[in-house]
Amino acid sequence: MCCLLAILFPAQVMLAGETATAMLYTNGATWLNGSEVPKSAAVFSGDLLQTRPDSTASIQANGSNVMVSADSLVKFEGPAVELEHGSVRVTTSRGLAARAGEVTVKPTANTWTEFQVTDVDGRVQIAANKGDVTVQDDKGTDRKSTRLNSSHLGI
């Protein structure tokens with residue numbers, strides 16, 4: 001019986017895949033799924049984070065950090081964050097993407113990349129600060145932005 005469990009358990013874990021989890025650290029009043037977070041909390045895929053105009057937050061996952069600016073609304077999705085309103089600065093070596101409306105921003109490679117996405121009143125602005133990112137819109141149009149030649153794209 002032990003031998004059978006030793007074979008089946010690792011296979012089951014591999015099939016389950018990685019669960020999307022991260023840690024949230026706050027600086028000021030921040031809500032997670034409608035409840036105020038004292039200083040830190042675990043974040044899971046599908047969780048909704050909201051910062052007040054006088055607060056910020058940081059989502060730290062394996063190989064990625066998302067700085068959530070004041071007065072922002074963000075949904076954590078594991079391989080991506082969805083920005084409903086406000087601004088995020090993503091630093092990642094794991095290819096973490098950011099979505100704002102119909103726009104998706106993601107690193108072109110799994111190397112250290114830093115970019116900022118801002119969505120205010122439906123206007124999305126992107127700044128690639130380190131590394132290269134690909135910007136894809138709702139029509140499937142890809143644009144590549146590099147830190148050196150097109151650091152700001154307004155969409």
# chains A, B, ... in the order shown; residues from 1 in each chain; ligands from 1
$ residues_around --residues "Leu96 in chain A" --least-positions-apart "3" --cutoff "12 Å" --atoms "only C-alpha atoms" --output "JSON, numbers by chain"
{"A": [20, 59, 60, 61, 62, 63, 64, 65, 66, 76, 77, 78, 79, 80, 81, 82, 89, 90, 91, 92, 93, 99, 104, 105, 106, 107, 108, 109, 110, 111, 112, 113, 114, 115, 133, 134]}
$ select_by_dssp --residues "range 47-153 of chain A" --states "strand (DSSP E or B)" --output "JSON, numbers by chain"
{"A": [48, 49, 50, 51, 56, 57, 58, 59, 60, 61, 64, 65, 66, 67, 68, 73, 74, 75, 76, 80, 81, 82, 83, 84, 85, 86, 87, 88, 89, 90, 91, 92, 97, 98, 99, 100, 103, 104, 105, 106, 107, 113, 114, 115, 116, 117, 118, 119, 120, 123, 124, 125, 126, 127, 128, 129, 130, 132, 133, 134, 135, 136, 142, 143, 144, 145, 146, 152, 153]}
$ atom_distance --atom1 "CA of Asp138 in chain A" --atom2 "CA of Val68 in chain A"
23.9 Å
$ residues_around --residues "range 69-74 of chain A" --least-positions-apart "2" --cutoff "10 Å" --atoms "only C-alpha atoms" --output "number ranges by chain"
A: 27-32, 46-58, 66-67, 76-77, 81-89, 98-100, 118-120
$ closest_residue --among "A:Gly101, A:Ser45, A:Gly95, A:Gly131" --to "Lys75 in chain A" --atoms "only C-alpha atoms"
A:Ser45
